[in-house]
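Participant: File final01.pdb below, PDB, C-alpha atoms and all ligand atoms:
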ATOM      1  CA  MET A 201       7.638  -8.096   4.576  1.00  0.00           C
ATOM      2  CA  LYS A 202       3.895  -8.562   4.647  1.00  0.00           C
ATOM      3  CA  THR A 203       3.138 -12.101   3.592  1.00  0.00           C
ATOM      4  CA  ASN A 204      -0.597 -11.961   4.227  1.00  0.00           C
ATOM      5  CA  LYS A 205      -1.254 -10.322   0.871  1.00  0.00           C
ATOM      6  CA  LEU A 206       0.868 -12.737  -1.056  1.00  0.00           C
ATOM      7  CA  ARG A 207      -0.426 -15.583  -3.132  1.00  0.00           C
ATOM      8  CA  ALA A 208       1.389 -18.691  -4.228  1.00  0.00           C
ATOM      9  CA  CYS A 209       1.423 -20.412  -7.588  1.00  0.00           C
ATOM     10  CA  LYS A 210      -0.098 -23.881  -7.421  1.00  0.00           C
ATOM     11  CA  LYS A 211       2.475 -25.230  -9.833  1.00  0.00           C
ATOM     12  CA  CYS A 212       5.829 -23.593  -9.167  1.00  0.00           C
ATOM     13  CA  HIS A 213       5.010 -22.266  -5.655  1.00  0.00           C
ATOM     14  CA  ILE A 214       6.509 -18.825  -6.267  1.00  0.00           C
ATOM     15  CA  LEU A 215       5.000 -16.045  -4.166  1.00  0.00           C
ATOM     16  CA  THR A 216       3.388 -13.118  -5.910  1.00  0.00           C
ATOM     17  CA  GLU A 217       0.754 -10.478  -5.294  1.00  0.00           C
ATOM     18  CA  LYS A 218      -0.848 -11.275  -8.618  1.00  0.00           C
ATOM     19  CA  GLU A 219      -3.717 -13.671  -9.188  1.00  0.00           C
ATOM     20  CA  ILE A 220      -1.915 -15.215 -12.115  1.00  0.00           C
ATOM     21  CA  CYS A 221       1.589 -16.609 -11.810  1.00  0.00           C
ATOM     22  CA  PRO A 222       4.068 -14.488 -13.777  1.00  0.00           C
ATOM     23  CA  ILE A 223       6.046 -17.617 -14.651  1.00  0.00           C
ATOM     24  CA  CYS A 224       3.437 -20.283 -15.430  1.00  0.00           C
ATOM     25  CA  SER A 225       0.413 -18.098 -16.212  1.00  0.00           C
ATOM     26  CA  LEU A 226      -1.615 -20.309 -13.892  1.00  0.00           C
ATOM     27  CA  PRO A 227      -3.961 -19.123 -11.126  1.00  0.00           C
ATOM     28  CA  THR A 228      -2.357 -18.524  -7.757  1.00  0.00           C
ATOM     29  CA  SER A 229      -3.792 -19.488  -4.375  1.00  0.00           C
ATOM     30  CA  GLN A 230      -4.081 -17.463  -1.210  1.00  0.00           C
ATOM     31  CA  TYR A 231      -3.880 -20.665   0.820  1.00  0.00           C
ATOM     32  CA  TRP A 232      -0.254 -21.498   1.298  1.00  0.00           C
ATOM     33  CA  SER A 233       2.143 -22.142   4.150  1.00  0.00           C
ATOM     34  CA  GLY A 234       5.855 -22.222   4.725  1.00  0.00           C
ATOM     35  CA  TYR A 235       8.121 -19.497   3.422  1.00  0.00           C
ATOM     36  CA  LEU A 236      11.294 -20.123   1.486  1.00  0.00           C
ATOM     37  CA  ALA A 237      13.595 -17.504   0.007  1.00  0.00           C
ATOM     38  CA  VAL A 238      15.724 -18.938  -2.778  1.00  0.00           C
ATOM     39  CA  ILE A 239      18.802 -16.884  -3.473  1.00  0.00           C
ATOM     40  CA  ASP A 240      20.859 -19.370  -5.417  1.00  0.00           C
ATOM     41  CA  PRO A 241      18.710 -22.218  -6.794  1.00  0.00           C
ATOM     42  CA  GLU A 242      21.770 -24.082  -8.055  1.00  0.00           C
ATOM     43  CA  LYS A 243      23.204 -24.385  -4.572  1.00  0.00           C
ATOM     44  CA  SER A 244      20.036 -24.897  -2.595  1.00  0.00           C
ATOM     45  CA  GLU A 245      18.995 -28.510  -1.956  1.00  0.00           C
ATOM     46  CA  ILE A 246      15.480 -27.518  -0.952  1.00  0.00           C
ATOM     47  CA  ALA A 247      15.144 -25.422  -4.094  1.00  0.00           C
ATOM     48  CA  LYS A 248      16.087 -28.454  -6.170  1.00  0.00           C
ATOM     49  CA  LYS A 249      13.562 -30.572  -4.310  1.00  0.00           C
ATOM     50  CA  MET A 250      10.876 -28.035  -5.036  1.00  0.00           C
ATOM     51  CA  ASN A 251      12.025 -27.637  -8.615  1.00  0.00           C
ATOM     52  CA  ALA A 252      12.635 -23.916  -8.046  1.00  0.00           C
ATOM     53  CA  LYS A 253      14.768 -22.795 -10.932  1.00  0.00           C
ATOM     54  CA  LEU A 254      14.613 -19.058 -10.344  1.00  0.00           C
ATOM     55  CA  SER A 255      15.684 -17.067  -7.344  1.00  0.00           C
ATOM     56  CA  GLY A 256      12.764 -15.602  -5.454  1.00  0.00           C
ATOM     57  CA  GLU A 257      10.312 -16.277  -2.684  1.00  0.00           C
ATOM     58  CA  TYR A 258       8.421 -19.530  -2.560  1.00  0.00           C
ATOM     59  CA  ALA A 259       5.738 -21.223  -0.508  1.00  0.00           C
ATOM     60  CA  ILE A 260       6.516 -24.704   0.781  1.00  0.00           C
ATOM     61  CA  LYS A 261       2.912 -25.896   0.611  1.00  0.00           C
ATOM     62  CA  VAL A 262       0.111 -24.604  -1.591  1.00  0.00           C
ATOM     63  CA  ARG A 263      -3.444 -25.826  -1.601  1.00  0.00           C
TER      64      ARG A 263
HETATM   65 ZN    ZN A 301       3.972 -20.675 -11.313  1.00  0.00          ZN
END
Could you spell out this file's structure in structure tokens?

Facilitator:
Amino acid sequence: MKTNKLRACKKCHILTEKEICPICSLPTSQYWSGYLAVIDPEKSEIAKKMNAKLSGEYAIKVR
């Protein structure tokens, strides 16, 4: 997967190619680090910590 084109939502941290987050409708940032794939948010401690409620790909840090 090419991550260099991806952007991350400043609020929910989900990774997307779009400039607006499909979940929050907030602007996304190209400056992010740390990659996390959430498959089962209910069972993932790190997903809970990050408040990731949907399965998908997330950035750990967004600025
Ligand atoms: Zn979002």

Participant: Between atom CA of A:Glu217 and atom CA of A:Glu245, what is the distance, to one decimal in Å?

Facilitator: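 Value for the atom CA of A:Glu217-atom CA of A:Glu245 distance: 25.9 Å.
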
Participant: At a cut-off of 12 Å from (-0.2, -20.6, -5.1) in the coordinates of the file, what residues are picked up using all atoms listed in the file, written as a compact mmCIF listing (two decimals) with C-alpha atoms, in the coordinates of the input?

Facilitator:
# COMPACT_ATOMS: atom_id res chain seq x y z
CA LYS A 205 -1.25 -10.32 0.87
CA LEU A 206 0.87 -12.74 -1.06
CA ARG A 207 -0.43 -15.58 -3.13
CA ALA A 208 1.39 -18.69 -4.23
CA CYS A 209 1.42 -20.41 -7.59
CA LYS A 210 -0.10 -23.88 -7.42
CA LYS A 211 2.48 -25.23 -9.83
CA CYS A 212 5.83 -23.59 -9.17
CA HIS A 213 5.01 -22.27 -5.66
CA ILE A 214 6.51 -18.82 -6.27
CA LEU A 215 5.00 -16.05 -4.17
CA THR A 216 3.39 -13.12 -5.91
CA GLU A 217 0.75 -10.48 -5.29
CA LYS A 218 -0.85 -11.28 -8.62
CA GLU A 219 -3.72 -13.67 -9.19
CA ILE A 220 -1.92 -15.22 -12.12
CA CYS A 221 1.59 -16.61 -11.81
CA PRO A 222 4.07 -14.49 -13.78
CA ILE A 223 6.05 -17.62 -14.65
CA CYS A 224 3.44 -20.28 -15.43
CA SER A 225 0.41 -18.10 -16.21
CA LEU A 226 -1.62 -20.31 -13.89
CA PRO A 227 -3.96 -19.12 -11.13
CA THR A 228 -2.36 -18.52 -7.76
CA SER A 229 -3.79 -19.49 -4.38
CA GLN A 230 -4.08 -17.46 -1.21
CA TYR A 231 -3.88 -20.66 0.82
CA TRP A 232 -0.25 -21.50 1.30
CA SER A 233 2.14 -22.14 4.15
CA GLY A 234 5.86 -22.22 4.72
CA TYR A 235 8.12 -19.50 3.42
CA GLU A 257 10.31 -16.28 -2.68
CA TYR A 258 8.42 -19.53 -2.56
CA ALA A 259 5.74 -21.22 -0.51
CA ILE A 260 6.52 -24.70 0.78
CA LYS A 261 2.91 -25.90 0.61
CA VAL A 262 0.11 -24.60 -1.59
CA ARG A 263 -3.44 -25.83 -1.60

Participant: So, counting all atoms listed in the file, which residue among A:Leu236, A:Lys249, A:Pro241, A:Gly256 is closest to ligand ZN 301 (chain A)?

Facilitator: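 Among the listed residues, A:Gly256 lies closest to ligand ZN 301 (chain A).
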
Participant: Got a sec: who's within 10 Å of A:Ala247, counting all atoms listed in the file, leaving out chain neighbours fewer than 4 positions off, as a list of chain:residue names?

Facilitator: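 Neighbouring residues, sequence-local ones excluded: A:Leu236, A:Ala237, A:Val238, A:Ile239, A:Asp240, A:Pro241, A:Glu242, A:Lys243, A:Asn251, A:Ala252, A:Lys253, A:Leu254, A:Ser255, A:Tyr258, A:Ile260.
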
Participant: Would you fill out stretch 217-228 of chain A with N, CA, C and O atoms and return it as a short mmCIF file (atom, residue, chain, number, x, y, z; two decimals), keeping the file's coordinate frame?

Facilitator:
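As written to disk, rebuild.cif reads:
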data_model
loop_
_atom_site.label_atom_id
_atom_site.label_comp_id
_atom_site.auth_asym_id
_atom_site.auth_seq_id
_atom_site.Cartn_x
_atom_site.Cartn_y
_atom_site.Cartn_z
N GLU A 217 1.99 -11.17 -5.68
CA GLU A 217 0.75 -10.48 -5.29
C GLU A 217 -0.32 -10.63 -6.36
O GLU A 217 -1.46 -10.28 -6.16
N LYS A 218 0.07 -11.16 -7.49
CA LYS A 218 -0.85 -11.28 -8.62
C LYS A 218 -1.70 -12.54 -8.53
O LYS A 218 -1.33 -13.51 -7.88
N GLU A 219 -2.83 -12.51 -9.21
CA GLU A 219 -3.72 -13.67 -9.19
C GLU A 219 -3.33 -14.70 -10.23
O GLU A 219 -3.84 -15.81 -10.24
N ILE A 220 -2.43 -14.29 -11.11
CA ILE A 220 -1.92 -15.22 -12.12
C ILE A 220 -0.39 -15.26 -11.97
O ILE A 220 0.27 -14.23 -11.86
N CYS A 221 0.14 -16.46 -11.97
CA CYS A 221 1.59 -16.61 -11.81
C CYS A 221 2.33 -15.97 -12.98
O CYS A 221 1.99 -16.24 -14.14
N PRO A 222 3.32 -15.14 -12.69
CA PRO A 222 4.07 -14.49 -13.78
C PRO A 222 4.95 -15.47 -14.55
O PRO A 222 5.39 -15.16 -15.65
N ILE A 223 5.19 -16.63 -13.99
CA ILE A 223 6.05 -17.62 -14.65
C ILE A 223 5.23 -18.63 -15.44
O ILE A 223 5.49 -18.89 -16.61
N CYS A 224 4.22 -19.21 -14.79
CA CYS A 224 3.44 -20.28 -15.43
C CYS A 224 2.14 -19.81 -16.07
O CYS A 224 1.49 -20.60 -16.76
N SER A 225 1.72 -18.59 -15.76
CA SER A 225 0.41 -18.10 -16.21
C SER A 225 -0.74 -18.95 -15.70
O SER A 225 -1.76 -19.11 -16.37
N LEU A 226 -0.56 -19.53 -14.52
CA LEU A 226 -1.62 -20.31 -13.89
C LEU A 226 -2.14 -19.54 -12.68
O LEU A 226 -1.44 -18.71 -12.12
N PRO A 227 -3.39 -19.84 -12.28
CA PRO A 227 -3.96 -19.12 -11.13
C PRO A 227 -3.17 -19.39 -9.85
O PRO A 227 -2.68 -20.50 -9.63
N THR A 228 -3.04 -18.38 -9.03
CA THR A 228 -2.36 -18.52 -7.76
C THR A 228 -3.39 -18.73 -6.65
O THR A 228 -4.57 -18.46 -6.82
#
